[in-house]
$ cat coords_33.cif   # mmCIF, C-alpha atoms
data_structure
#
loop_
_atom_site.label_atom_id
_atom_site.label_comp_id
_atom_site.auth_asym_id
_atom_site.auth_seq_id
_atom_site.Cartn_x
_atom_site.Cartn_y
_atom_site.Cartn_z
CA MET A 845 21.98 4.68 24.11
CA ASN A 846 19.51 5.76 26.85
CA ARG A 847 16.59 4.66 24.68
CA ILE A 848 18.19 1.24 24.13
CA ASN A 849 18.69 0.82 27.89
CA GLU A 850 15.10 1.89 28.41
CA MET A 851 13.85 -0.75 25.95
CA ILE A 852 15.95 -3.45 27.63
CA ARG A 853 14.53 -2.46 31.02
CA LEU A 854 10.94 -2.52 29.78
CA GLN A 855 11.43 -5.88 28.05
CA GLU A 856 12.29 -7.31 31.48
CA TYR A 857 9.00 -6.09 33.01
CA LYS A 858 7.19 -9.39 33.75
CA ASN A 859 4.16 -10.86 35.52
CA VAL A 860 1.69 -8.27 34.31
CA LYS A 861 -1.94 -9.04 35.04
CA ARG A 862 -4.19 -9.64 32.05
CA VAL A 863 -7.72 -8.33 31.77
CA LYS A 864 -10.51 -8.47 29.21
CA LEU A 865 -11.23 -5.40 27.11
CA LYS A 866 -14.70 -5.10 28.62
CA ASP A 867 -13.04 -4.65 32.02
CA CYS A 868 -10.65 -1.87 31.00
CA CYS A 869 -12.85 0.11 28.61
CA SER A 870 -15.61 2.45 29.70
CA ALA A 871 -17.51 1.68 26.47
CA ILE A 872 -17.32 -0.78 23.57
CA PHE A 873 -19.85 -0.36 20.78
CA SER A 874 -20.42 -0.53 17.05
CA GLY A 875 -21.67 2.30 14.87
CA GLY A 876 -24.52 2.72 12.44
CA THR A 877 -25.49 4.06 9.03
CA PRO A 878 -28.18 6.72 8.51
CA LEU A 879 -30.65 6.01 5.70
CA THR A 880 -28.86 6.74 2.44
CA SER A 881 -32.17 7.76 0.87
CA LYS A 882 -32.32 10.77 3.19
CA GLU A 883 -30.03 13.47 1.76
CA GLN A 884 -30.42 15.58 4.91
CA PHE A 885 -28.68 12.84 6.92
CA TYR A 886 -25.39 13.37 5.08
CA ASP A 887 -22.77 16.06 4.35
CA GLY A 888 -23.10 17.61 7.77
CA ASN A 889 -20.30 18.46 10.19
CA ILE A 890 -19.93 15.12 11.99
CA PRO A 891 -17.05 12.96 10.70
CA TRP A 892 -18.29 9.41 10.00
CA ILE A 893 -15.73 6.69 9.34
CA ARG A 894 -16.10 3.34 7.60
CA SER A 895 -14.06 0.17 8.08
CA GLY A 896 -12.03 0.77 4.91
CA GLU A 897 -10.50 3.90 6.48
CA ILE A 898 -8.96 1.86 9.32
CA ASP A 899 -5.39 0.90 8.46
CA PHE A 900 -3.07 1.12 11.50
CA ASN A 901 -3.31 4.91 11.37
CA ARG A 902 -4.33 7.99 13.33
CA ILE A 903 -7.70 9.26 12.13
CA PHE A 904 -8.25 13.02 12.34
CA ARG A 905 -10.97 13.31 9.69
CA SER A 906 -13.25 11.07 7.66
CA GLU A 907 -13.91 10.58 3.97
CA ARG A 908 -17.58 11.35 4.55
CA ASN A 909 -19.64 13.31 7.10
CA ILE A 910 -23.16 12.91 8.47
CA SER A 911 -25.50 15.52 9.93
CA GLN A 912 -26.78 15.85 13.49
CA GLU A 913 -30.16 14.69 12.18
CA GLY A 914 -28.50 11.62 10.63
CA LEU A 915 -26.81 10.82 13.93
CA GLU A 916 -30.04 11.13 15.89
CA ASN A 917 -32.02 8.99 13.44
CA SER A 918 -29.62 6.05 13.26
CA SER A 919 -27.69 3.72 15.55
CA ALA A 920 -24.52 5.74 14.93
CA LYS A 921 -22.96 7.12 18.12
CA LEU A 922 -20.26 9.68 18.80
CA ILE A 923 -16.85 8.24 19.66
CA ARG A 924 -14.79 10.34 22.02
CA PRO A 925 -11.30 11.48 21.00
CA LYS A 926 -8.36 9.31 22.13
CA SER A 927 -10.23 6.06 21.49
CA VAL A 928 -9.37 3.00 19.40
CA VAL A 929 -11.44 1.64 16.51
CA MET A 930 -11.31 -1.83 14.97
CA ALA A 931 -12.69 -2.93 11.61
CA MET A 932 -15.23 -5.71 12.21
CA THR A 933 -15.72 -6.91 8.65
CA GLY A 934 -14.41 -6.81 5.08
CA ALA A 935 -10.91 -6.46 3.68
CA THR A 936 -9.64 -4.52 6.72
CA VAL A 937 -11.16 -6.81 9.37
CA ALA A 938 -9.17 -6.74 12.66
CA LYS A 939 -7.12 -3.70 11.62
CA VAL A 940 -7.04 -0.91 14.21
CA ALA A 941 -6.61 2.85 14.32
CA THR A 942 -6.79 5.64 16.88
CA ILE A 943 -9.46 8.34 16.86
CA GLU A 944 -7.96 11.79 17.40
CA ALA A 945 -11.17 13.86 17.17
CA GLU A 946 -14.82 13.30 18.04
CA MET A 947 -16.57 11.36 15.27
CA ALA A 948 -19.07 8.62 14.48
CA ALA A 949 -18.69 5.35 12.56
CA ASN A 950 -20.76 2.83 10.63
CA GLN A 951 -21.84 -0.62 11.84
CA SER A 952 -18.67 -2.29 10.51
CA VAL A 953 -16.56 -0.42 13.05
CA CYS A 954 -16.11 -1.22 16.74
CA ALA A 955 -15.22 1.70 19.03
CA LEU A 956 -13.14 1.09 22.17
CA GLU A 957 -13.08 3.90 24.73
CA PRO A 958 -10.41 3.05 27.36
CA ASN A 959 -10.94 3.82 31.04
CA CYS A 960 -8.49 5.73 33.24
CA LEU A 961 -6.28 2.64 33.72
CA LEU A 962 -5.52 2.18 30.03
CA ASP A 963 -3.61 4.44 27.64
CA TYR A 964 -5.36 4.48 24.26
CA ARG A 965 -2.11 4.31 22.29
CA PHE A 966 -0.95 1.35 24.39
CA LEU A 967 -4.23 -0.40 23.53
CA TYR A 968 -3.73 0.43 19.86
CA PHE A 969 -0.18 -0.96 19.77
CA TYR A 970 -1.18 -4.14 21.60
CA LEU A 971 -4.16 -4.86 19.34
CA ALA A 972 -1.88 -4.28 16.33
CA THR A 973 0.26 -7.22 17.53
CA LYS A 974 -2.87 -9.39 17.51
CA TYR A 975 -3.99 -8.42 14.00
CA LEU A 976 -3.17 -11.70 12.22
CA GLN A 977 -4.57 -13.82 15.04
CA LEU A 978 -7.82 -11.84 15.10
CA ARG A 979 -8.12 -11.69 11.32
CA ASN A 980 -7.69 -15.46 11.07
CA SER A 981 -10.36 -15.99 13.71
CA ALA A 982 -12.92 -13.88 11.81
CA GLN A 983 -15.92 -15.97 10.79
CA GLY A 984 -18.60 -16.22 8.11
CA ALA A 985 -18.84 -15.32 4.45
CA LEU A 986 -18.08 -11.68 5.28
CA THR A 987 -15.10 -12.62 7.50
CA SER A 988 -16.37 -10.66 10.46
CA LEU A 989 -15.67 -10.19 14.16
CA ASN A 990 -18.56 -9.64 16.55
CA LEU A 991 -18.71 -7.33 19.56
CA GLU A 992 -18.74 -10.20 22.06
CA ARG A 993 -15.50 -11.61 20.63
CA ILE A 994 -13.84 -8.19 20.82
CA LYS A 995 -15.06 -7.50 24.38
CA ASN A 996 -13.45 -10.73 25.57
CA ILE A 997 -10.00 -10.11 24.06
CA GLU A 998 -7.43 -10.30 26.85
CA ILE A 999 -4.72 -7.67 27.10
CA PRO A 1000 -1.83 -7.09 29.54
CA LEU A 1001 -2.41 -4.15 31.88
CA PRO A 1002 0.88 -2.86 33.35
CA PRO A 1003 0.87 0.35 35.44
CA LEU A 1004 -0.06 3.45 33.46
CA ASN A 1005 3.47 4.92 33.70
CA ILE A 1006 4.90 1.75 32.10
CA GLN A 1007 2.26 1.92 29.35
CA LYS A 1008 3.23 5.51 28.59
CA GLU A 1009 6.94 4.67 28.44
CA ILE A 1010 6.25 1.89 25.94
CA VAL A 1011 4.01 4.19 23.89
CA SER A 1012 6.74 6.84 23.82
CA ILE A 1013 9.26 4.36 22.39
CA LEU A 1014 6.89 2.92 19.79
CA ASP A 1015 5.62 6.36 18.80
CA SER A 1016 9.20 7.42 18.10
CA PHE A 1017 9.43 4.56 15.57
CA THR A 1018 6.09 5.30 13.90
CA SER A 1019 6.80 9.04 13.78
CA LEU A 1020 10.08 8.42 11.94
CA ILE A 1021 8.41 5.96 9.54
CA ASP A 1022 5.62 8.48 8.84
CA LYS A 1023 8.15 11.20 8.06
CA MET A 1024 10.01 8.89 5.70
CA LYS A 1025 6.75 7.99 3.95
CA GLN A 1026 5.97 11.69 3.55
CA GLU A 1027 9.41 12.17 2.03
CA VAL A 1028 8.73 9.35 -0.45
CA GLU A 1029 5.41 10.93 -1.48
CA MET A 1030 7.06 14.33 -1.92
CA ARG A 1031 9.86 12.85 -4.05
CA LYS A 1032 7.34 10.94 -6.17
CA LYS A 1033 5.47 14.16 -6.87
CA GLN A 1034 8.76 15.85 -7.79
CA MET A 1035 9.59 12.99 -10.13
CA GLU A 1036 6.14 13.21 -11.75
CA TYR A 1037 6.56 16.94 -12.27
CA TYR A 1038 9.97 16.60 -13.96
CA ARG A 1039 8.89 13.56 -15.97
CA GLU A 1040 5.97 15.49 -17.50
CA LYS A 1041 8.16 18.56 -18.07
CA LEU A 1042 11.11 16.71 -19.61
CA MET A 1043 8.96 14.51 -21.83
CA ALA A 1044 6.65 17.26 -23.08
CA PRO A 1045 6.91 17.46 -26.92
CA GLN A 1046 9.39 19.90 -28.46
CA THR A 1047 9.37 21.30 -31.99
CA ASN A 1048 12.30 19.20 -33.29
CA TRP A 1049 10.90 15.89 -31.99
CA LYS A 1050 9.41 13.43 -34.48
CA ILE A 1051 5.83 12.23 -34.02
CA LYS A 1052 5.47 8.46 -34.42
CA THR A 1053 3.06 5.74 -33.33
CA LEU A 1054 4.27 2.95 -31.05
CA GLY A 1055 3.50 0.57 -33.91
CA GLU A 1056 5.94 2.42 -36.18
CA ILE A 1057 8.88 2.03 -33.80
CA GLY A 1058 8.16 -1.42 -32.39
CA THR A 1059 5.98 -4.51 -32.16
CA PHE A 1060 3.60 -5.84 -29.49
CA THR A 1061 3.49 -9.59 -28.79
CA ARG A 1062 0.90 -11.05 -26.44
CA GLY A 1063 2.01 -13.54 -23.79
CA ASN A 1064 0.57 -17.03 -23.40
CA GLY A 1065 0.07 -19.98 -21.12
CA LEU A 1066 2.00 -19.11 -17.94
CA GLN A 1067 0.00 -19.63 -14.70
CA LYS A 1068 0.99 -19.00 -11.09
CA SER A 1069 0.76 -22.75 -10.55
CA ASP A 1070 3.65 -23.13 -13.03
CA PHE A 1071 6.08 -21.24 -10.75
CA ARG A 1072 9.18 -23.09 -9.56
CA VAL A 1073 12.07 -22.20 -7.25
CA LYS A 1074 14.49 -22.54 -10.15
CA GLY A 1075 14.38 -23.11 -13.89
CA PHE A 1076 13.67 -20.68 -16.75
CA PRO A 1077 13.06 -17.06 -15.64
CA CYS A 1078 9.45 -15.93 -16.05
CA VAL A 1079 7.22 -12.96 -15.22
CA HIS A 1080 3.49 -13.14 -14.50
CA TYR A 1081 1.41 -10.06 -15.31
CA GLY A 1082 0.31 -9.80 -11.67
CA GLN A 1083 3.94 -9.44 -10.60
CA ILE A 1084 4.36 -6.43 -12.90
CA HIS A 1085 1.57 -4.78 -10.92
CA THR A 1086 2.72 -5.71 -7.43
CA TYR A 1087 6.41 -6.69 -7.37
CA TYR A 1088 8.48 -5.00 -10.07
CA ASN A 1089 9.25 -1.33 -10.58
CA THR A 1090 10.52 0.32 -13.79
CA CYS A 1091 13.25 -2.27 -14.44
CA ILE A 1092 13.56 -6.04 -13.97
CA TYR A 1093 17.10 -7.36 -13.58
CA LYS A 1094 16.21 -10.83 -12.28
CA THR A 1095 12.91 -12.61 -11.83
CA LYS A 1096 11.14 -13.60 -8.67
CA SER A 1097 9.78 -16.74 -10.35
CA PHE A 1098 10.88 -19.54 -12.67
CA CYS A 1099 9.16 -22.26 -14.69
CA GLU A 1100 10.08 -25.66 -16.15
CA GLU A 1101 12.36 -25.55 -19.19
CA ASP A 1102 9.90 -27.65 -21.20
CA LEU A 1103 7.08 -25.19 -20.52
CA ALA A 1104 9.33 -22.22 -21.36
CA LYS A 1105 9.81 -23.61 -24.89
CA LYS A 1106 6.08 -23.11 -25.51
CA LEU A 1107 5.89 -19.59 -24.03
CA GLN A 1108 6.49 -16.19 -25.62
CA LYS A 1109 9.74 -14.58 -24.55
CA ALA A 1110 11.12 -11.07 -24.19
CA SER A 1111 14.71 -10.03 -24.85
CA TYR A 1112 17.05 -7.51 -23.23
CA GLY A 1113 15.58 -3.98 -23.44
CA ASP A 1114 12.03 -5.11 -24.25
CA LEU A 1115 9.12 -3.76 -22.21
CA LEU A 1116 6.85 -6.18 -20.35
CA ILE A 1117 3.39 -4.61 -20.05
CA ALA A 1118 0.52 -5.75 -17.80
CA THR A 1119 -2.53 -4.97 -19.92
CA THR A 1120 -5.23 -6.27 -17.57
CA SER A 1121 -6.28 -4.62 -14.31
CA GLU A 1122 -9.26 -3.72 -12.15
CA ASP A 1123 -8.83 -0.03 -12.91
CA VAL A 1124 -7.65 2.05 -15.85
CA LYS A 1125 -4.88 3.79 -13.87
CA ALA A 1126 -3.02 0.54 -13.14
CA CYS A 1127 -3.56 -0.93 -16.60
CA CYS A 1128 -0.53 -0.94 -18.93
CA LYS A 1129 2.07 -0.75 -16.20
CA ALA A 1130 5.40 -1.41 -17.95
CA ALA A 1131 8.81 -2.67 -16.82
CA VAL A 1132 12.01 -3.08 -18.85
CA TRP A 1133 13.65 -6.51 -18.99
CA PHE A 1134 17.37 -6.01 -18.24
CA GLY A 1135 18.18 -9.60 -17.24
CA ALA A 1136 20.68 -12.00 -18.76
CA GLY A 1137 19.11 -13.94 -21.61
CA ASP A 1138 15.43 -14.12 -22.47
CA VAL A 1139 12.45 -14.18 -20.10
CA ALA A 1140 9.07 -15.90 -20.50
CA TYR A 1141 5.90 -13.96 -19.71
CA SER A 1142 2.24 -14.71 -19.14
CA GLY A 1143 -1.03 -13.97 -20.90
CA ASP A 1144 -2.73 -10.66 -20.00
CA SER A 1145 0.63 -9.07 -20.72
CA PHE A 1146 2.51 -7.94 -23.82
CA CYS A 1147 6.14 -7.71 -24.81
CA TYR A 1148 7.01 -4.50 -26.64
CA SER A 1149 10.18 -4.76 -28.77
CA HIS A 1150 11.34 -1.36 -30.04
CA ASP A 1151 14.30 0.67 -31.33
CA GLN A 1152 14.25 3.43 -28.68
CA ASP A 1153 15.99 3.85 -25.31
CA PRO A 1154 14.40 1.20 -23.03
CA LYS A 1155 14.19 3.30 -19.85
CA TYR A 1156 12.85 6.29 -21.73
CA MET A 1157 10.08 4.07 -23.09
CA ALA A 1158 9.24 2.74 -19.62
CA TYR A 1159 8.96 6.30 -18.28
CA LEU A 1160 6.85 7.27 -21.30
CA PHE A 1161 4.30 4.64 -20.25
CA GLN A 1162 4.00 6.47 -16.89
CA THR A 1163 3.19 9.89 -18.37
CA GLU A 1164 -0.11 11.72 -18.48
CA MET A 1165 0.23 11.72 -22.30
CA PHE A 1166 0.13 7.92 -22.28
CA ALA A 1167 -2.66 7.81 -19.67
CA LYS A 1168 -4.98 9.93 -21.84
CA GLN A 1169 -4.61 7.64 -24.85
CA LYS A 1170 -4.87 4.54 -22.67
CA GLN A 1171 -8.14 5.73 -21.14
CA LYS A 1172 -9.72 6.12 -24.59
CA ALA A 1173 -8.57 2.65 -25.64
CA ALA A 1174 -9.55 0.77 -22.44
CA THR A 1175 -12.40 -1.74 -22.63
CA GLY A 1176 -14.35 -3.66 -19.99
CA ALA A 1177 -16.08 -2.78 -16.73
CA LYS A 1178 -14.96 -4.96 -13.80
CA VAL A 1179 -11.81 -6.05 -15.65
CA ILE A 1180 -10.10 -3.36 -17.75
CA ARG A 1181 -8.06 -4.33 -20.81
CA VAL A 1182 -6.02 -2.52 -23.45
CA SER A 1183 -5.11 -4.45 -26.61
CA GLY A 1184 -1.76 -4.53 -28.37
CA GLU A 1185 -3.47 -3.21 -31.48
CA SER A 1186 -4.72 -0.18 -29.54
CA MET A 1187 -1.30 0.53 -28.02
CA ALA A 1188 0.29 0.32 -31.46
CA SER A 1189 -1.89 3.26 -32.53
CA PHE A 1190 -0.78 5.53 -29.64
CA SER A 1191 1.33 8.42 -30.99
CA PHE A 1192 3.99 10.52 -29.27
CA ALA A 1193 6.71 13.00 -30.14
CA PHE A 1194 10.10 11.31 -29.70
CA PRO A 1195 13.41 13.11 -29.06
CA PRO A 1196 16.70 11.81 -30.53
CA LEU A 1197 18.17 8.79 -28.72
CA VAL A 1198 20.90 10.89 -27.05
CA GLN A 1199 18.27 13.14 -25.51
CA GLN A 1200 16.14 10.15 -24.51
CA ARG A 1201 19.08 8.76 -22.53
CA GLN A 1202 19.68 12.12 -20.84
CA ILE A 1203 16.04 12.38 -19.77
CA ALA A 1204 16.00 8.77 -18.56
CA SER A 1205 19.18 9.40 -16.54
CA ILE A 1206 17.61 12.35 -14.71
CA LEU A 1207 14.49 10.34 -13.89
CA ASP A 1208 16.67 7.42 -12.77
CA THR A 1209 18.17 9.68 -10.09
CA PHE A 1210 14.74 10.25 -8.61
CA GLU A 1211 13.73 6.60 -8.82
CA THR A 1212 16.99 5.39 -7.21
CA TYR A 1213 16.56 7.79 -4.28
CA ILE A 1214 12.90 6.80 -3.83
CA SER A 1215 13.84 3.11 -3.94
CA LYS A 1216 16.48 3.61 -1.22
CA LEU A 1217 13.96 5.44 0.96
CA GLU A 1218 11.41 2.67 0.52
CA LYS A 1219 13.98 0.04 1.54
CA MET A 1220 14.85 2.11 4.61
CA ILE A 1221 11.15 2.32 5.51
CA GLU A 1222 10.86 -1.45 5.16
CA LEU A 1223 13.81 -1.95 7.52
CA ARG A 1224 12.44 0.56 10.04
CA GLN A 1225 9.04 -1.12 9.88
CA LYS A 1226 10.58 -4.50 10.70
CA GLN A 1227 12.55 -2.91 13.53
CA TYR A 1228 9.40 -1.30 14.89
CA GLU A 1229 7.45 -4.58 14.72
CA TYR A 1230 10.28 -6.44 16.45
CA TYR A 1231 10.39 -4.03 19.40
CA ARG A 1232 6.59 -3.79 19.53
CA GLU A 1233 6.41 -7.57 20.02
CA LYS A 1234 9.23 -7.53 22.56
CA LEU A 1235 7.83 -4.65 24.62
CA LEU A 1236 4.26 -5.95 24.68
CA THR A 1237 4.85 -9.65 25.47
CA PHE A 1238 5.36 -9.33 29.27
CA GLU A 1239 6.33 -12.98 29.67
#
$ encode --input "coords_33.cif" --output "structure tokens"
Amino acid sequence: MNRINEMIRLQEYKNVKRVKLKDCCSAIFSGGTPLTSKEQFYDGNIPWIRSGEIDFNRIFRSERNISQEGLENSSAKLIRPKSVVMAMTGATVAKVATIEAEMAANQSVCALEPNCLLDYRFLYFYLATKYLQLRNSAQGALTSLNLERIKNIEIPLPPLNIQKEIVSILDSFTSLIDKMKQEVEMRKKQMEYYREKLMAPQTNWKIKTLGEIGTFTRGNGLQKSDFRVKGFPCVHYGQIHTYYNTCIYKTKSFCEEDLAKKLQKASYGDLLIATTSEDVKACCKAAVWFGAGDVAYSGDSFCYSHDQDPKYMAYLFQTEMFAKQKQKAATGAKVIRVSGESMASFSFAFPPLVQQRQIASILDTFETYISKLEKMIELRQKQYEYYREKLLTFE
């Protein structure tokens, strides 16, 4: 209750002066990259971050280090702890993070070292509210922000004690979200452990190929441009990668009835498999169709009709056993594919149907709990973003 009252009070804090970043930071600069041809410039003890590591996070260490010699022979500079960094180019352009230890960065990263009037976490939270606006203003083929644009960003500058109160509230949200994310990762690892253990072959299990117990049918013709708000239920292979989990009970998309007549369709209990991806690990992600009636599906995906327990089969496609066979069968470089013919040759030891259902039920318990946690995280994230906007508007 006290925290709610505190938020209400802070939301009513108005008429805050606005200043440019160059007027409330003691330094604003971009980094640099030592010559990659000089081995002695790398693998030292100086953390060196790149723009891809910036993702609304706290950075304590980097993916790669440079040496003192590399630092001295490049335009890279040390960034002091308790600073903010912003990605200036690429996929993460305009994203921000806080630096929690002394480190350097490459030329795609802008470092912001606040002066004594500005709390670094307050700066981080405010710039996070401006992410979409800044990203959309990025220019050029590389979608980049330049230093001059960043230096002239205006921010509200309330008294330091007000900044710290706001930071305390927002940090309480992010801390809880981080803990929940850690819980999800831990539960996923638990699920992986039990999945591999429960599905490891036993002496009384029968070895069969996927082709012996079912058939693979390639999808056809469905494009994203064919999606409608209502009509015949359909699944695009990209949605299997990004939207659906182990089971599909209703579709996100629909297509015209006339088009659906020309498309391949899956029935209740069939697996829908995305067989095209940019990497081998994501290729062959499978989801069971548990919806009412049939569902149409796109090219670059297969329907697998079989006589086994549907959920057991979906979990089988997630195992290390499946991954090893998939890796051998994968073709392509930039775009990875696995054919239906290849999958039909994959062999596994299968338990009786009763045991399959028991194993699937145990794994379902993990997946249900993880799904609930992820929904809670989503709600907390929305709550955090709502209060972040409210507390940092000052209007």
$ atom_distance --input "coords_33.cif" --atom1 "CA of Leu991 in chain A" --atom2 "CA of Ala920 in chain A"
15.0 Å
$ atom_distance --input "coords_33.cif" --atom1 "CA of Gln884 in chain A" --atom2 "CA of Ile903 in chain A"
24.7 Å
$ atom_distance --input "coords_33.cif" --atom1 "CA of Leu865 in chain A" --atom2 "CA of Glu916 in chain A"
27.4 Å
$ residues_near_point --input "coords_33.cif" --point "(13.2, -5.5, -32.4)" --cutoff "8 Å" --atoms "all atoms listed in the file" --output "VMD selection string"
chain A and resid 1058 to 1059 1149 to 1151
$ resolve_selection --input "coords_33.cif" --expression "the PyMOL selection byres ((chain A and resi 1225) around 12)" --output "number ranges by chain"
A: 1014, 1016-1022, 1024-1025, 1218-1224, 1226-1232
$ residues_around --input "coords_33.cif" --residues "Cys960 in chain A" --least-positions-apart "2" --cutoff "10 Å" --atoms "only C-alpha atoms" --output "ChimeraX atom specification"
/A:868-870,957-958,962-964,1004
$ closest_residue --input "coords_33.cif" --among "A:Phe1194, A:Trp1133, A:Phe1146, A:Phe1071" --to "Ile1117 in chain A" --atoms "all atoms listed in the file"
A:Phe1146
$ resolve_selection --input "coords_33.cif" --expression "the PyMOL selection byres ((chain A and resi 945-952) around 10)" --output "PyMOL selection string"
chain A and resi 873-878+889-896+902-906+909-910+915+918-927+929-934+937+942-944+953-955+988-990
$ resolve_selection --input "coords_33.cif" --expression "the PyMOL selection byres ((chain A and resi 1100) around 8)" --output "CSV table (one decimal) with C-alpha atoms, in the frame of the given file"
chain,number,residue,atom,x,y,z
A,1070,ASP,CA,3.6,-23.1,-13.0
A,1072,ARG,CA,9.2,-23.1,-9.6
A,1075,GLY,CA,14.4,-23.1,-13.9
A,1076,PHE,CA,13.7,-20.7,-16.8
A,1098,PHE,CA,10.9,-19.5,-12.7
A,1099,CYS,CA,9.2,-22.3,-14.7
A,1101,GLU,CA,12.4,-25.6,-19.2
A,1102,ASP,CA,9.9,-27.6,-21.2
A,1103,LEU,CA,7.1,-25.2,-20.5
A,1104,ALA,CA,9.3,-22.2,-21.4
$ closest_residue --input "coords_33.cif" --among "A:Val1028, A:Asp1123, A:Met1187, A:Asp1144" --to "Lys1216 in chain A" --atoms "only C-alpha atoms"
A:Val1028
$ axis_aligned_box --input "coords_33.cif" --around "range 885-901 of chain A" --padding-each-side "4 Å" --output "JSON"
{"center_x": -15.9, "center_y": 9.3, "center_z": 8.2, "size_x": 33.6, "size_y": 26.3, "size_z": 15.6}
$ closest_residue --input "coords_33.cif" --among "A:Lys1155, A:Phe1238, A:Lys939, A:Lys861" --to "Ile898 in chain A" --atoms "only C-alpha atoms"
A:Lys939
$ residues_around --input "coords_33.cif" --residues "Ser1097 in chain A" --least-positions-apart "2" --cutoff "12 Å" --atoms "all atoms listed in the file" --output "VMD selection string"
chain A and resid 1066 to 1084 1087 to 1088 1092 1094 to 1095 1099 to 1100 1139 to 1142
$ closest_residue --input "coords_33.cif" --among "A:Pro1045, A:Gly1063, A:Pro1196, A:Gly914" --to "Lys882 in chain A" --atoms "only C-alpha atoms"
A:Gly914
$ residues_around --input "coords_33.cif" --residues "Ala1188 in chain A" --least-positions-apart "3" --cutoff "10 Å" --atoms "only C-alpha atoms" --output "PyMOL selection string"
chain A and resi 1053-1060+1148+1183-1185+1191
$ closest_residue --input "coords_33.cif" --among "A:Glu1164, A:Glu1040, A:Glu1009, A:Glu1211" --to "Leu1235 in chain A" --atoms "all atoms listed in the file"
A:Glu1009
$ residues_around --input "coords_33.cif" --residues "Phe1166 in chain A" --least-positions-apart "6" --cutoff "12 Å" --atoms "only C-alpha atoms" --output "count of residues only"
25
